>>> print(open('target.txt').read())   # compact mmCIF, C-alpha atoms and all ligand atoms
# COMPACT_ATOMS: atom_id res chain seq x y z
CA MET A 1 38.00 -62.70 -53.38
CA TRP A 2 37.80 -63.55 -49.64
CA ASP A 3 40.53 -63.11 -47.05
CA LYS A 4 40.05 -66.55 -45.50
CA LEU A 5 38.05 -69.72 -46.03
CA TRP A 6 37.43 -72.60 -43.61
CA TYR A 7 36.18 -75.55 -45.67
CA ASN A 8 35.10 -79.20 -45.22
CA ALA A 9 33.55 -78.14 -41.94
CA SER A 10 30.48 -79.29 -40.06
CA LEU A 11 28.82 -75.95 -39.36
CA VAL A 12 26.14 -75.80 -36.69
CA ASP A 13 23.23 -73.58 -37.70
CA GLU A 14 20.77 -71.71 -35.48
CA SER A 15 18.46 -74.73 -35.23
CA GLY A 16 21.38 -76.81 -33.93
CA THR A 17 21.58 -78.79 -37.18
CA GLN A 18 25.03 -79.85 -38.36
CA LEU A 19 25.68 -78.87 -41.96
CA THR A 20 28.49 -81.15 -43.07
CA ASN A 21 30.72 -80.35 -46.08
CA HIS A 22 30.16 -76.65 -45.56
CA ALA A 23 32.45 -73.68 -45.78
CA ILE A 24 32.69 -70.31 -44.13
CA ALA A 25 34.40 -67.31 -45.69
CA VAL A 26 35.68 -64.26 -43.84
CA ASN A 27 36.55 -60.75 -44.90
CA ASP A 28 38.18 -58.53 -42.27
CA SER A 29 36.36 -59.24 -39.01
CA LYS A 30 33.03 -60.36 -40.49
CA ILE A 31 31.60 -63.54 -41.95
CA ALA A 32 31.32 -62.87 -45.69
CA TRP A 33 29.66 -66.07 -46.87
CA VAL A 34 28.45 -69.45 -45.62
CA GLY A 35 27.39 -72.34 -47.86
CA PRO A 36 27.99 -75.88 -49.15
CA MET A 37 31.56 -76.74 -50.08
CA GLU A 38 32.57 -76.78 -53.75
CA GLU A 39 36.10 -77.37 -55.03
CA LYS A 40 36.15 -74.05 -56.91
CA LEU A 41 35.70 -72.06 -53.67
CA ILE A 42 39.30 -72.77 -52.69
CA GLY A 43 40.55 -70.45 -55.40
CA ASN A 44 38.36 -67.63 -54.07
CA ALA A 45 40.29 -67.11 -50.85
CA ARG A 46 43.81 -65.91 -50.04
CA LYS A 47 44.10 -68.34 -47.07
CA THR A 48 42.31 -71.66 -46.72
CA HIS A 49 41.89 -74.15 -43.87
CA ASP A 50 40.73 -77.76 -44.29
CA CYS A 51 38.57 -78.60 -41.24
CA HIS A 52 38.25 -82.36 -41.93
CA GLN A 53 34.52 -82.29 -41.08
CA ARG A 54 35.12 -81.09 -37.57
CA VAL A 55 32.42 -79.01 -35.90
CA ILE A 56 32.42 -75.20 -36.10
CA THR A 57 30.15 -73.26 -33.74
CA PRO A 58 29.92 -69.54 -33.12
CA GLY A 59 32.14 -68.30 -30.28
CA LEU A 60 30.34 -69.19 -27.05
CA ILE A 61 28.67 -66.46 -25.01
CA ASP A 62 28.60 -66.37 -21.20
CA CYS A 63 25.67 -63.96 -20.67
CA HIS A 64 25.61 -63.77 -16.83
CA THR A 65 28.75 -63.45 -14.72
CA HIS A 66 29.99 -61.62 -11.65
CA LEU A 67 33.55 -62.05 -12.87
CA VAL A 68 35.04 -59.02 -11.12
CA TYR A 69 35.40 -59.45 -7.35
CA ALA A 70 38.10 -59.69 -4.70
CA GLY A 71 38.95 -62.70 -2.56
CA ASN A 72 36.74 -65.75 -2.27
CA ARG A 73 34.21 -67.33 0.10
CA ALA A 74 35.65 -70.79 0.65
CA ASN A 75 34.87 -70.33 4.38
CA GLU A 76 31.14 -70.12 3.55
CA PHE A 77 31.39 -73.34 1.58
CA THR A 78 32.63 -74.98 4.77
CA MET A 79 29.72 -73.41 6.71
CA ARG A 80 27.19 -74.67 4.19
CA LEU A 81 28.65 -78.17 4.40
CA GLN A 82 27.95 -77.92 8.13
CA GLY A 83 24.28 -77.24 7.39
CA LEU A 84 23.82 -73.44 7.11
CA THR A 85 21.91 -72.19 4.05
CA TYR A 86 22.93 -69.45 1.58
CA ALA A 87 20.15 -67.19 2.93
CA GLU A 88 21.16 -67.82 6.58
CA ILE A 89 24.79 -66.93 5.82
CA ALA A 90 23.67 -63.77 3.99
CA GLN A 91 21.40 -62.72 6.88
CA ALA A 92 24.26 -63.24 9.35
CA GLY A 93 26.35 -60.65 7.49
CA GLY A 94 28.28 -63.04 5.25
CA GLY A 95 27.37 -63.74 1.67
CA ILE A 96 27.47 -60.89 -0.85
CA LYS A 97 28.43 -58.41 1.89
CA SER A 98 31.67 -60.17 2.73
CA THR A 99 32.73 -59.95 -0.92
CA VAL A 100 31.69 -56.28 -0.81
CA LYS A 101 34.16 -55.67 2.04
CA MET A 102 37.03 -57.26 0.13
CA THR A 103 36.11 -55.59 -3.17
CA ARG A 104 35.93 -52.13 -1.61
CA LEU A 105 39.43 -52.62 -0.21
CA ALA A 106 40.99 -53.87 -3.46
CA SER A 107 42.61 -51.44 -5.87
CA GLU A 108 41.49 -51.29 -9.49
CA ASP A 109 44.65 -53.09 -10.52
CA GLU A 110 44.24 -55.83 -7.89
CA LEU A 111 40.69 -56.43 -9.10
CA LEU A 112 41.90 -56.65 -12.68
CA GLN A 113 44.66 -59.11 -11.75
CA GLN A 114 42.17 -61.32 -9.90
CA ALA A 115 39.54 -61.23 -12.67
CA LEU A 116 41.91 -61.82 -15.61
CA PRO A 117 42.72 -65.49 -14.88
CA ARG A 118 38.99 -66.20 -14.61
CA LEU A 119 38.33 -64.55 -17.97
CA CYS A 120 41.28 -66.41 -19.51
CA ALA A 121 39.87 -69.71 -18.23
CA MET A 122 36.59 -68.87 -19.99
CA ILE A 123 38.32 -67.96 -23.23
CA LYS A 124 40.15 -71.28 -23.18
CA GLN A 125 36.78 -72.98 -23.18
CA GLY A 126 35.76 -71.22 -26.40
CA VAL A 127 33.98 -68.22 -24.88
CA THR A 128 34.44 -65.02 -26.90
CA THR A 129 31.76 -62.78 -25.34
CA VAL A 130 31.22 -62.32 -21.60
CA GLU A 131 28.75 -60.24 -19.64
CA VAL A 132 30.25 -58.82 -16.45
CA LYS A 133 28.18 -57.35 -13.62
CA SER A 134 29.12 -54.87 -10.92
CA GLY A 135 27.43 -55.35 -7.55
CA TYR A 136 30.17 -55.93 -4.98
CA GLY A 137 30.64 -52.23 -4.31
CA LEU A 138 27.25 -50.97 -3.15
CA ASN A 139 28.61 -47.43 -3.31
CA ALA A 140 29.42 -45.13 -6.23
CA CYS A 141 33.18 -45.41 -5.91
CA THR A 142 33.40 -49.21 -5.92
CA GLU A 143 30.57 -49.88 -8.40
CA LEU A 144 32.29 -47.60 -10.92
CA LYS A 145 35.66 -49.19 -10.13
CA MET A 146 34.27 -52.63 -10.94
CA LEU A 147 32.78 -51.40 -14.22
CA ARG A 148 36.10 -49.79 -15.22
CA VAL A 149 37.80 -53.14 -14.54
CA ALA A 150 35.23 -54.85 -16.77
CA LYS A 151 36.09 -52.37 -19.52
CA LYS A 152 39.82 -53.01 -19.04
CA LEU A 153 39.24 -56.77 -19.40
CA GLU A 154 38.07 -56.11 -22.93
CA ASN A 155 41.25 -54.27 -23.87
CA ALA A 156 43.45 -56.78 -22.04
CA THR A 157 42.13 -59.83 -23.88
CA GLY A 158 40.45 -58.62 -27.08
CA MET A 159 37.20 -60.37 -26.14
CA ARG A 160 33.78 -58.69 -26.21
CA ILE A 161 32.65 -57.66 -22.71
CA LYS A 162 29.16 -56.36 -21.91
CA LYS A 163 28.97 -54.33 -18.71
CA THR A 164 25.92 -54.62 -16.46
CA PHE A 165 25.23 -52.30 -13.52
CA LEU A 166 24.12 -54.43 -10.55
CA GLY A 167 24.38 -51.79 -7.82
CA ALA A 168 21.14 -53.30 -6.48
CA HIS A 169 22.74 -56.61 -5.57
CA ALA A 170 22.36 -56.27 -1.79
CA ILE A 171 21.37 -53.60 0.72
CA PRO A 172 24.48 -51.89 2.15
CA ASP A 173 24.77 -51.57 5.94
CA GLU A 174 24.90 -47.77 5.61
CA MET A 175 21.35 -47.37 4.24
CA ASP A 176 17.84 -48.81 4.15
CA ALA A 177 16.66 -50.40 0.90
CA ASP A 178 14.43 -47.50 -0.26
CA SER A 179 17.07 -44.81 0.31
CA TYR A 180 19.64 -47.02 -1.38
CA ILE A 181 17.48 -47.40 -4.50
CA ASP A 182 17.02 -43.60 -4.57
CA TYR A 183 20.79 -43.16 -4.26
CA LEU A 184 21.38 -45.59 -7.14
CA CYS A 185 18.76 -43.88 -9.34
CA ASP A 186 19.85 -40.31 -8.57
CA ASP A 187 23.62 -40.54 -8.02
CA VAL A 188 25.30 -43.76 -9.05
CA LEU A 189 23.59 -44.97 -12.22
CA PRO A 190 23.59 -41.55 -13.96
CA HIS A 191 27.36 -41.22 -13.36
CA ALA A 192 28.11 -44.74 -14.56
CA TYR A 193 25.94 -44.07 -17.61
CA GLU A 194 27.65 -40.74 -18.42
CA GLN A 195 31.03 -42.44 -18.22
CA GLU A 196 29.85 -45.07 -20.72
CA LEU A 197 30.37 -47.84 -18.23
CA VAL A 198 26.92 -49.42 -18.52
CA ASP A 199 25.24 -51.51 -21.21
CA ALA A 200 22.42 -52.85 -19.02
CA VAL A 201 20.97 -52.61 -15.51
CA ASP A 202 20.21 -55.64 -13.32
CA ILE A 203 18.72 -56.06 -9.82
CA PHE A 204 18.53 -58.92 -7.31
CA SER A 205 14.77 -59.08 -6.65
CA GLU A 206 14.20 -61.45 -3.77
CA SER A 207 12.80 -61.68 -0.26
CA ILE A 208 16.38 -61.27 1.07
CA ALA A 209 17.18 -58.38 -1.29
CA PHE A 210 14.94 -55.86 -3.15
CA ASN A 211 11.14 -55.91 -3.37
CA LEU A 212 8.89 -55.33 -6.39
CA ALA A 213 8.37 -51.59 -5.84
CA GLN A 214 12.15 -51.05 -5.57
CA THR A 215 12.72 -53.22 -8.63
CA GLU A 216 10.19 -51.23 -10.64
CA LYS A 217 11.73 -47.91 -9.62
CA LEU A 218 15.29 -48.84 -10.61
CA LEU A 219 14.40 -50.61 -13.84
CA THR A 220 12.09 -47.75 -14.89
CA LYS A 221 14.98 -45.32 -14.34
CA ALA A 222 17.24 -47.52 -16.47
CA VAL A 223 14.67 -47.65 -19.28
CA ALA A 224 14.34 -43.84 -19.12
CA LEU A 225 18.12 -43.60 -19.69
CA GLY A 226 17.72 -45.86 -22.72
CA LEU A 227 19.51 -48.78 -21.08
CA ALA A 228 18.65 -52.44 -21.42
CA ILE A 229 17.36 -54.18 -18.30
CA LYS A 230 17.70 -57.62 -16.69
CA CYS A 231 16.66 -59.18 -13.40
CA HIS A 232 17.89 -61.84 -10.94
CA ALA A 233 14.43 -63.23 -10.31
CA GLU A 234 12.70 -66.08 -8.53
CA GLN A 235 15.98 -67.74 -7.47
CA LEU A 236 14.97 -68.60 -3.89
CA SER A 237 11.23 -67.77 -3.88
CA ASP A 238 8.52 -66.34 -6.16
CA ILE A 239 7.86 -62.62 -5.73
CA GLY A 240 6.72 -61.97 -9.31
CA ALA A 241 9.86 -60.04 -10.28
CA SER A 242 10.27 -61.82 -13.62
CA GLY A 243 6.74 -60.88 -14.72
CA LEU A 244 7.38 -57.27 -13.74
CA ALA A 245 10.79 -57.10 -15.45
CA ALA A 246 9.40 -58.72 -18.61
CA SER A 247 6.55 -56.17 -18.71
CA LEU A 248 9.14 -53.40 -18.49
CA GLY A 249 10.93 -54.88 -21.51
CA ALA A 250 13.74 -56.88 -19.88
CA LEU A 251 16.19 -58.61 -22.22
CA SER A 252 16.39 -61.49 -19.77
CA CYS A 253 15.27 -62.78 -16.39
CA ASP A 254 17.80 -65.03 -14.72
CA HIS A 255 17.65 -68.05 -12.35
CA LEU A 256 13.82 -68.57 -12.31
CA GLU A 257 13.64 -71.79 -10.28
CA TYR A 258 10.44 -70.58 -8.54
CA ILE A 259 8.77 -68.68 -11.41
CA SER A 260 4.96 -68.75 -11.58
CA ASP A 261 2.83 -69.48 -14.65
CA GLU A 262 1.69 -65.88 -14.71
CA SER A 263 5.26 -64.60 -14.94
CA LEU A 264 6.14 -67.23 -17.53
CA GLN A 265 3.30 -65.94 -19.67
CA LYS A 266 4.57 -62.37 -19.35
CA MET A 267 8.08 -63.47 -20.34
CA ALA A 268 6.65 -65.24 -23.38
CA MET A 269 4.56 -62.22 -24.35
CA HIS A 270 7.58 -59.88 -24.22
CA ASP A 271 10.05 -62.37 -25.72
CA THR A 272 12.24 -62.12 -22.61
CA VAL A 273 15.04 -64.70 -22.51
CA ALA A 274 15.18 -67.12 -19.55
CA VAL A 275 18.81 -67.36 -18.41
CA LEU A 276 19.32 -70.66 -16.60
CA LEU A 277 22.15 -70.93 -14.09
CA PRO A 278 22.70 -74.59 -13.23
CA GLY A 279 25.96 -73.80 -11.41
CA ALA A 280 24.13 -71.86 -8.66
CA TYR A 281 21.37 -74.49 -8.55
CA TYR A 282 23.94 -77.24 -8.06
CA PHE A 283 26.22 -75.36 -5.65
CA LEU A 284 23.35 -74.25 -3.38
CA LYS A 285 21.97 -77.79 -3.47
CA GLU A 286 18.61 -76.55 -4.76
CA THR A 287 16.04 -79.23 -5.45
CA THR A 288 13.47 -77.27 -7.48
CA PRO A 289 14.77 -76.94 -11.05
CA PRO A 290 13.46 -74.16 -13.33
CA PRO A 291 10.25 -75.24 -15.14
CA ILE A 292 11.82 -76.23 -18.46
CA THR A 293 8.76 -78.09 -19.79
CA LYS A 294 6.61 -75.00 -19.28
CA MET A 295 9.26 -72.74 -20.82
CA ARG A 296 9.17 -74.95 -23.90
CA LYS A 297 5.37 -74.90 -23.92
CA TYR A 298 5.30 -71.08 -23.83
CA GLY A 299 8.06 -70.81 -26.43
CA ILE A 300 10.42 -68.94 -24.07
CA LYS A 301 13.97 -68.84 -25.34
CA MET A 302 16.48 -70.33 -22.90
CA ALA A 303 20.07 -69.22 -22.40
CA LEU A 304 22.72 -70.67 -20.10
CA ALA A 305 25.53 -68.99 -18.18
CA THR A 306 28.09 -69.69 -15.47
CA ASP A 307 26.92 -66.99 -13.01
CA CYS A 308 30.64 -67.03 -12.11
CA ASN A 309 30.73 -65.54 -8.59
CA PRO A 310 32.37 -66.34 -5.25
CA GLY A 311 29.17 -67.18 -3.35
CA SER A 312 26.75 -69.29 -5.35
CA SER A 313 28.70 -70.41 -8.43
CA PRO A 314 32.50 -70.33 -8.21
CA THR A 315 33.09 -71.70 -11.70
CA THR A 316 34.36 -70.41 -15.02
CA SER A 317 33.20 -73.42 -17.01
CA LEU A 318 30.41 -72.80 -19.50
CA SER A 319 31.08 -76.27 -20.84
CA LEU A 320 30.23 -77.76 -17.42
CA MET A 321 27.04 -75.65 -17.37
CA MET A 322 25.98 -77.18 -20.71
CA ASN A 323 26.49 -80.65 -19.29
CA MET A 324 24.61 -79.78 -16.08
CA ALA A 325 21.73 -78.16 -17.99
CA CYS A 326 21.28 -81.45 -19.86
CA THR A 327 21.69 -83.76 -16.87
CA LEU A 328 20.06 -81.67 -14.11
CA PHE A 329 17.46 -79.63 -16.03
CA GLY A 330 16.72 -81.96 -18.96
CA LEU A 331 17.79 -79.70 -21.82
CA THR A 332 18.53 -81.36 -25.15
CA VAL A 333 21.92 -80.92 -26.80
CA THR A 334 20.27 -78.59 -29.32
CA GLU A 335 18.76 -76.47 -26.55
CA ALA A 336 22.06 -76.30 -24.66
CA TYR A 337 23.83 -75.27 -27.88
CA GLN A 338 21.30 -72.54 -28.64
CA ALA A 339 21.49 -71.46 -24.99
CA VAL A 340 25.18 -70.48 -25.24
CA THR A 341 25.01 -69.02 -28.76
CA LEU A 342 21.99 -67.27 -30.31
CA ASN A 343 19.82 -67.16 -27.17
CA ALA A 344 22.72 -65.87 -25.05
CA ALA A 345 23.30 -63.21 -27.73
CA LYS A 346 19.64 -62.22 -27.46
CA ALA A 347 19.95 -62.01 -23.67
CA LEU A 348 22.64 -59.38 -24.26
CA GLY A 349 20.86 -57.51 -27.06
CA LEU A 350 23.45 -58.72 -29.58
CA SER A 351 21.25 -60.95 -31.76
CA LYS A 352 22.21 -59.21 -34.97
CA ASP A 353 25.97 -59.36 -34.41
CA ILE A 354 27.01 -62.60 -32.74
CA GLY A 355 25.82 -66.10 -31.88
CA GLN A 356 25.16 -67.36 -35.42
CA LEU A 357 27.27 -68.42 -38.38
CA LYS A 358 25.73 -66.10 -40.97
CA ALA A 359 27.00 -63.55 -43.47
CA GLY A 360 27.30 -60.14 -41.85
CA PHE A 361 27.84 -61.53 -38.33
CA HIS A 362 31.13 -61.08 -36.47
CA ALA A 363 33.62 -63.76 -37.43
CA ASP A 364 33.93 -65.19 -33.92
CA PHE A 365 33.82 -68.97 -34.15
CA ILE A 366 35.34 -72.12 -32.70
CA LEU A 367 36.79 -75.10 -34.57
CA TRP A 368 36.30 -78.06 -32.21
CA PRO A 369 38.28 -81.32 -32.30
CA PHE A 370 35.13 -83.44 -32.76
CA THR A 371 32.60 -84.14 -35.51
CA ASP A 372 29.46 -84.57 -33.37
CA ILE A 373 27.95 -81.49 -31.67
CA ALA A 374 26.79 -83.70 -28.76
CA GLU A 375 30.41 -83.72 -27.56
CA LEU A 376 29.97 -80.07 -26.64
CA CYS A 377 27.69 -81.18 -23.77
CA TYR A 378 28.85 -84.75 -23.23
CA GLY A 379 32.22 -84.24 -21.57
CA PHE A 380 32.44 -82.55 -18.18
CA GLY A 381 35.60 -81.21 -16.64
CA VAL A 382 37.13 -81.89 -20.06
CA ASP A 383 39.29 -79.36 -21.86
CA TYR A 384 39.11 -79.83 -25.63
CA ASP A 385 41.93 -78.82 -27.90
CA LYS A 386 40.17 -76.20 -29.99
CA GLN A 387 40.89 -73.25 -32.26
CA LEU A 388 39.35 -69.84 -31.60
CA ILE A 389 38.81 -67.48 -34.48
CA VAL A 390 38.09 -64.04 -33.07
CA GLY A 391 37.25 -61.21 -35.45
CA GLY A 392 38.35 -63.42 -38.34
CA THR A 393 41.80 -64.08 -36.86
CA LEU A 394 43.17 -67.20 -35.22
CA PHE A 395 43.46 -66.36 -31.53
CA SER A 396 46.56 -67.68 -29.81
CA LEU A 397 45.54 -69.37 -26.57
CA ASP A 398 49.19 -69.38 -25.54
CA SER A 399 49.10 -65.60 -25.60
CA ILE A 400 46.70 -65.54 -22.66
CA ASP A 401 48.67 -67.98 -20.54
CA SER A 402 50.49 -65.05 -19.07
CA GLY A 403 47.18 -63.34 -18.40
CA ILE A 404 47.43 -60.43 -20.78
CA LYS A 405 47.43 -60.46 -24.58
O1 LIG A 501 23.54 -64.81 -9.10
N1 LIG A 501 21.74 -64.02 -6.49
C1 LIG A 501 22.49 -63.09 -6.36
N2 LIG A 501 23.71 -62.99 -6.87
C2 LIG A 501 24.56 -64.05 -7.16
C3 LIG A 501 25.28 -64.53 -5.97
C4 LIG A 501 26.31 -63.57 -5.56
C5 LIG A 501 27.10 -63.96 -4.34
O2 LIG A 501 26.69 -64.80 -3.53
O3 LIG A 501 28.17 -63.37 -4.21
C6 LIG A 501 23.87 -65.12 -7.97
O4 LIG A 501 23.64 -66.26 -7.53
FE FE A 502 24.05 -63.81 -10.69
>>> encode(input="target.txt", output="structure tokens", more="lines below")
Ligand code: NIG
Ligand code: FE
Amino acid sequence: MWDKLWYNASLVDESGTQLTNHAIAVNDSKIAWVGPMEEKLIGNARKTHDCHQRVITPGLIDCHTHLVYAGNRANEFTMRLQGLTYAEIAQAGGGIKSTVKMTRLASEDELLQQALPRLCAMIKQGVTTVEVKSGYGLNACTELKMLRVAKKLENATGMRIKKTFLGAHAIPDEMDADSYIDYLCDDVLPHAYEQELVDAVDIFSESIAFNLAQTEKLLTKAVALGLAIKCHAEQLSDIGASGLAASLGALSCDHLEYISDESLQKMAMHDTVAVLLPGAYYFLKETTPPPITKMRKYGIKMALATDCNPGSSPTTSLSLMMNMACTLFGLTVTEAYQAVTLNAAKALGLSKDIGQLKAGFHADFILWPFTDIAELCYGFGVDYDKQLIVGGTLFSLDSIDSGIK
């Protein structure tokens, strides 16, 4: 006997294939069974739902966000429209550092109140797992404050939040880059780790941020603590950070517009996920897209995320990212689907728990109002009327209208 059964559904499997006339059974918070619909199944469940052949996908996963920050950078948008570049604004003391100033000043509660509506907007799009990075503190006090807010977001909404330590997001004015990396390795990361505030460690490796030696030092420290690692790599230029991070065992390397063949090969060899961020590409008016054809050739798994942040991607819409990945980067609907489900789960080290409709996986899934999976990528700026099933239970979207469950 199952608790619940959704039947006459078009389930999307890990290859992106729609399995029509299928059913999915749930016990407690887990998927108990998935298979072809038969009339007799209806008697096997206490509660049943006829899906009328509408599409069911796993709950979507946004595997790269900077969701927690204070204020915004609309003024820099105006500056960029006047011709300044992202790097020029950063070098002139704006960019990440201006969000750092505002985030240091904000209280933990203010940060939570500013981040919650963004998370709620994501949930309304069918996102049930979100990765949240620190990185607008650049000192122990504020980095830990951001990570505590990320943890509170989980309790406030009931969604799954993965917390990534991105202390190495920019070089603070108070220190040089080498001393700052030492400070992160010796003082900040160990504390965040002891307080169970970190699932993974990330670094912005770039000519305007941290170099290869600094990247290696921090990521090696993270690995020694038993933490997963990730890297913002090759976003504005190629410094070989993705190859290095992959060799150290990174779950993912993110951005990758300027990645070299050599680094692509290393990512393939270590099965590192390529996280594509079309929002930042679009917003910064980049013209070199990530090398999708080569990623396919090397068999690199691709994920997609919003990169939600105030500087390079002020969006909460994973649905828009799917559309952009298809139109701007040339992904197929199947690739875009896999990029926000199983591959995004892999980028977070959650491949065995979420991102697929299989027995034993968490019962996080979305019942969409359409019967063709292509509609997931086709509409942009469109809000579909959907049902979220989170941990086997119908999630009330109205309950998050007020911000808190
Ligand atoms: O992923 N590249 C570095 N970090 C962010 C931008 C953060 C910001 O500008 O505030 C990104 O694009
Ligand atoms: Fe980012």
>>> residues_near_ligand(input="target.txt", ligand="ligand FE 502 (chain A)", cutoff="8 Å", atoms="all atoms listed in the file", output="list in words")
His64, Thr65, His66, His232, Asp254, His255, Asp307, Cys308 and Asn309 of chain A
>>> write_last_selection(input="target.txt", atoms="C-alpha atoms", output="mmCIF file, in the coordinates of the input")
data_model
loop_
_atom_site.group_PDB
_atom_site.id
_atom_site.type_symbol
_atom_site.label_atom_id
_atom_site.label_comp_id
_atom_site.auth_asym_id
_atom_site.auth_seq_id
_atom_site.Cartn_x
_atom_site.Cartn_y
_atom_site.Cartn_z
ATOM 1 C CA HIS A 64 25.610 -63.770 -16.830
ATOM 2 C CA THR A 65 28.750 -63.450 -14.720
ATOM 3 C CA HIS A 66 29.990 -61.620 -11.650
ATOM 4 C CA HIS A 232 17.890 -61.840 -10.940
ATOM 5 C CA ASP A 254 17.800 -65.030 -14.720
ATOM 6 C CA HIS A 255 17.650 -68.050 -12.350
ATOM 7 C CA ASP A 307 26.920 -66.990 -13.010
ATOM 8 C CA CYS A 308 30.640 -67.030 -12.110
ATOM 9 C CA ASN A 309 30.730 -65.540 -8.590
#
>>> closest_atom_pairs(input="target.txt", of="chain A", to="ligand LIG 501 (chain A)", cutoff="7 Å", atoms="all atoms listed in the file", output="Markdown table")
| residue | atom | partner | partner_atom | distance |
| --- | --- | --- | --- | --- |
| A:Gly95 | CA | A:LIG501 | O2 | 5.4 |
| A:Ile96 | CA | A:LIG501 | O3 | 4.2 |
| A:Thr99 | CA | A:LIG501 | O3 | 6.6 |
| A:His169 | CA | A:LIG501 | C1 | 6.5 |
| A:Phe204 | CA | A:LIG501 | C1 | 5.8 |
| A:His232 | CA | A:LIG501 | N1 | 6.3 |
| A:Gln235 | CA | A:LIG501 | N1 | 6.9 |
| A:Ala280 | CA | A:LIG501 | O4 | 5.7 |
| A:Asp307 | CA | A:LIG501 | O1 | 5.6 |
| A:Asn309 | CA | A:LIG501 | O3 | 5.5 |
| A:Pro310 | CA | A:LIG501 | O3 | 5.2 |
| A:Gly311 | CA | A:LIG501 | O2 | 3.4 |
| A:Ser312 | CA | A:LIG501 | O2 | 4.8 |
| A:Ser313 | CA | A:LIG501 | O4 | 6.6 |
>>> closest_residue(input="target.txt", among="A:Tyr281, A:Tyr384, A:Phe329, A:Phe370", to="Met295 of chain A", atoms="all atoms listed in the file")
A:Phe329
>>> closest_atom_pairs(input="target.txt", of="segment 225-343 of chain A", to="segment 119-142 of chain A", cutoff="9 Å", atoms="all atoms listed in the file", output="CSV")
residue,atom,partner,partner_atom,distance
A:Thr316,CA,A:Met122,CA,5.7
A:Ser317,CA,A:Met122,CA,6.4
A:Leu318,CA,A:Met122,CA,7.3
A:Ser319,CA,A:Gln125,CA,7.0
>>> atom_distance(input="target.txt", atom1="atom CA of Gly93 of chain A", atom2="atom CA of Gln114 of chain A")
23.5 Å
>>> atom_distance(input="target.txt", atom1="atom CA of Val382 of chain A", atom2="atom CA of Gly355 of chain A")
22.7 Å
>>> residues_around(input="target.txt", residues="Phe210 of chain A", least_positions_apart="6", cutoff="9 Å", atoms="only C-alpha atoms", output="VMD selection string")
chain A and resid 168 to 171 177 to 178 181 203 to 204
>>> residues_near_point(input="target.txt", point="(40.6, -60.6, -21.3)", cutoff="8 Å", atoms="all atoms listed in the file", output="NGL selection string")
:A and (116 or 119-120 or 123 or 152-159 or 400 or 403-405)
>>> closest_residue(input="target.txt", among="A:Ala250, A:Leu84, A:Leu256, A:Cys185", to="Leu225 of chain A", atoms="only C-alpha atoms")
A:Cys185
